[in-house]
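*Asks:* Mind looking over this structure? Questions follow.
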Amino acid sequence: MDICAYAVMSNHYHVILHINATQAEAWTLREVVVQWHQLCKGSPLSQRFARNETLNAAELARLEEVATEWRARLMDISWFMRMLNESIARQANQEDGCTGRFWEGRFKSQALLDERALAACMAYVDLNPIRAKMADTPETSDHTSVQRRISAAQDGRQPQHLFPFAGNPRESMSVGLPFQLQDYLELVDWSGRCLREDKRGAIDEQLPPILERLQINPRNWLYLNRNFKSRFKSLVGAAHSVRSACAQLGKRWAQGIRDCERYLSPPIIS
């Protein structure tokens with residue numbers, strides 16, 4: 001599970017995830033066990049296996065059966081959120097000296113079907129502190145992925161533990177986000193300057209462009225950022241992407257999609 005973007009707010013957080021199913025499916029039995037043991041104790045069989053103790057054929061078959069379930073969980077968003085939220089709740093309860101529920105309810109998720117939806121959602125997440133008037137600029141937005149990316153970019157590198165930018169889509173591109181980092185920073189900066197009636201904050205229009213402020217080689221690429229929380233429910237993407245996903249899931253696509261196709265080009269719809 002790769003982290004594309006995140007923003008930790010005062011009482012909630014946002015995170016955009018990439019499921020690397022190809023990598024998980026290629027793991028050996030030992031790699032699955034090692035990955036799972038980073039989260040849980042595993043089983044007596046897996047602990048013996050991790051210590052390089054010899055297992056008989058029946059024990060090995062049983063471990064492979066259990067590891068198949070672990071492999072599926074390691075690329076499952078629900079299990080990722082369960083592990084993450086449980087660890088946060090345990091730490092908070094320990095700090096407060098209490099027990100019981102910490103989170104108000106179950107997390108909400110949306111599938112991002114194409115590059116436009118991904119770029120817009122990432123910008124929405126990274127701009128959360130600015131929209132809430134908790135920060136003035138992306139580089140001063142604490143506890144966000146964009147701040148980490150900016151700090152690393154100023155040193156000419158990409159941050160560890162975040163899904164990297166791999167450049168514009170092409171046949172031989174490496175695994176990563178299908179954008180240039182410079183283009184994405186311009187997107188965030190441009191979107192943050194747009195005043196919104198339903199939000200308190202925006203980036204000061206008098207500030208120089210973000211790439212000029214950060215002295216990063218500029219690229220001309222701007223993109224519209226949408227309000228994902230209120231507008232989009234489960235699927236986000238261009239009309240043809242949503243129609244295809246709905247067909248695969250056996251769901252009906254709404255009249256609103258046809259309206260978007262009529263008035264917006266290209267649309268980003270839910």
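Just remember, in the structure tokens the first chain shown is A, the second B, etc., residues are 1-based per chain, and ligands are 1-based in the order shown.
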If we count only C-alpha atoms, what is near His143 in chain A at a cut-off of 12 Å, once residues fewer than 2 positions away on the same chain are taken out, given as a VMD selection string?
*Replies:* chain A and resid 5 to 10 12 to 15 125 to 129 134 to 135 138 to 141 145 to 149
*Asks:* Mind giving me the straight-line distance from CA of Asn52 in chain A to CA of Val66 in chain A in Å, one decimal?
*Replies:* 17.6 Å
*Asks:* Which polymer residues have any atom within 12 Å of an atom of Leu45 in chain A, counting only C-alpha atoms, with same-chain residues fewer than 6 positions away left out, as a PyMOL selection string?
*Replies:* chain A and resi 33+51-56+58-67
*Asks:* Between A:Asp142, A:Pro164, A:Ala111, A:Cys121, single out the one closest to Cys246 in chain A, counting only C-alpha atoms.
*Replies:*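 For Cys246 in chain A, the nearest of the candidates is A:Ala111.
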*Asks:* Rank A:Asn93, A:Cys40, A:Ala24, A:Gly100 by their smallest atom-to-atom distance to Leu74 in chain A, using only C-alpha atoms, and report the top residue only.
*Replies:*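 Checking each of A:Asn93, A:Cys40, A:Ala24, A:Gly100 against Leu74 in chain A, counting only C-alpha atoms, the winner is A:Ala24.
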*Asks:* Using DSSP on the backbone, list every residue of range 11-212 of chain A that comes out as strand (DSSP E or B), and give them as a PDB file with N, CA, C and O atoms, in the first residue's frame.
*Replies:*
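Dumped to part-v7.pdb:
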```pdb
ATOM      1  N   TYR A  13      -8.322  12.997   9.446  1.00  0.00           N
ATOM      2  CA  TYR A  13      -7.230  13.031   8.475  1.00  0.00           C
ATOM      3  C   TYR A  13      -7.733  12.524   7.126  1.00  0.00           C
ATOM      4  O   TYR A  13      -8.753  11.848   7.029  1.00  0.00           O
ATOM      5  N   HIS A  14      -7.011  12.886   6.083  1.00  0.00           N
ATOM      6  CA  HIS A  14      -7.284  12.414   4.728  1.00  0.00           C
ATOM      7  C   HIS A  14      -6.054  11.661   4.236  1.00  0.00           C
ATOM      8  O   HIS A  14      -4.922  12.046   4.523  1.00  0.00           O
ATOM      9  N   VAL A  15      -6.266  10.611   3.462  1.00  0.00           N
ATOM     10  CA  VAL A  15      -5.136   9.879   2.896  1.00  0.00           C
ATOM     11  C   VAL A  15      -5.545   9.314   1.540  1.00  0.00           C
ATOM     12  O   VAL A  15      -6.682   8.866   1.361  1.00  0.00           O
ATOM     13  N   ILE A  16      -4.641   9.411   0.568  1.00  0.00           N
ATOM     14  CA  ILE A  16      -4.860   8.841  -0.760  1.00  0.00           C
ATOM     15  C   ILE A  16      -3.891   7.681  -0.926  1.00  0.00           C
ATOM     16  O   ILE A  16      -2.681   7.842  -0.763  1.00  0.00           O
ATOM     17  N   LEU A  17      -4.424   6.517  -1.251  1.00  0.00           N
ATOM     18  CA  LEU A  17      -3.635   5.292  -1.279  1.00  0.00           C
ATOM     19  C   LEU A  17      -3.566   4.702  -2.679  1.00  0.00           C
ATOM     20  O   LEU A  17      -4.506   4.810  -3.463  1.00  0.00           O
ATOM     21  N   HIS A  18      -2.445   4.067  -2.966  1.00  0.00           N
ATOM     22  CA  HIS A  18      -2.269   3.305  -4.201  1.00  0.00           C
ATOM     23  C   HIS A  18      -2.049   1.853  -3.825  1.00  0.00           C
ATOM     24  O   HIS A  18      -1.159   1.538  -3.026  1.00  0.00           O
ATOM     25  N   ALA A 111     -13.130   5.778  -5.072  1.00  0.00           N
ATOM     26  CA  ALA A 111     -12.195   5.227  -6.052  1.00  0.00           C
ATOM     27  C   ALA A 111     -11.843   6.307  -7.067  1.00  0.00           C
ATOM     28  O   ALA A 111     -12.731   6.939  -7.641  1.00  0.00           O
ATOM     29  N   LEU A 112     -10.563   6.538  -7.273  1.00  0.00           N
ATOM     30  CA  LEU A 112     -10.086   7.511  -8.256  1.00  0.00           C
ATOM     31  C   LEU A 112      -9.739   6.748  -9.528  1.00  0.00           C
ATOM     32  O   LEU A 112      -8.804   5.963  -9.548  1.00  0.00           O
ATOM     33  N   THR A 144       1.229  17.610   6.276  1.00  0.00           N
ATOM     34  CA  THR A 144       0.689  17.319   4.951  1.00  0.00           C
ATOM     35  C   THR A 144       1.773  16.712   4.068  1.00  0.00           C
ATOM     36  O   THR A 144       2.970  16.955   4.270  1.00  0.00           O
ATOM     37  N   PHE A 165       6.701  10.793  -7.707  1.00  0.00           N
ATOM     38  CA  PHE A 165       6.256  11.299  -8.998  1.00  0.00           C
ATOM     39  C   PHE A 165       7.145  10.661 -10.067  1.00  0.00           C
ATOM     40  O   PHE A 165       8.369  10.727  -9.986  1.00  0.00           O
ATOM     41  N   LEU A 177       3.452   8.253  -9.483  1.00  0.00           N
ATOM     42  CA  LEU A 177       2.386   9.160  -9.882  1.00  0.00           C
ATOM     43  C   LEU A 177       2.643   9.669 -11.302  1.00  0.00           C
ATOM     44  O   LEU A 177       3.752  10.093 -11.611  1.00  0.00           O
TER      45      LEU A 177
END
```
*Asks:* Choose the residue, out of A:Gln248, A:Thr137, A:Leu39, A:Leu185, that has the smallest atom-to-atom separation from Met83 in chain A; count only C-alpha atoms.
*Replies:* A:Leu39
*Asks:* With only C-alpha atoms as the counted atoms, please give the residues lying no more than 12 Å from range 19-22 of chain A, apart from itself and same-chain residues fewer than 3 positions off, as a list of chain:residue names.
*Replies:*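 So the residues in contact are A:Met1, A:Asp2, A:Ile3, A:Cys4, A:Ile16, A:Glu25, A:Ala26, A:Trp27, A:Arg71, A:Ala72, A:Arg73, A:Leu74, A:Met75, A:Asp76, A:Ile77, A:Ser78, A:Phe80, A:Ala111, A:Leu112, A:Phe163, A:Val175, A:Gly176.
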*Asks:* If DSSP is run on the backbone, what residues of range 42-212 of chain A are helix (DSSP H, G or I)? A reply as a PyMOL selection string would be ideal.
*Replies:* chain A and resi 44-50+57-74+77-96+115-126+128-131+138-140+145-154+181-193+210-212
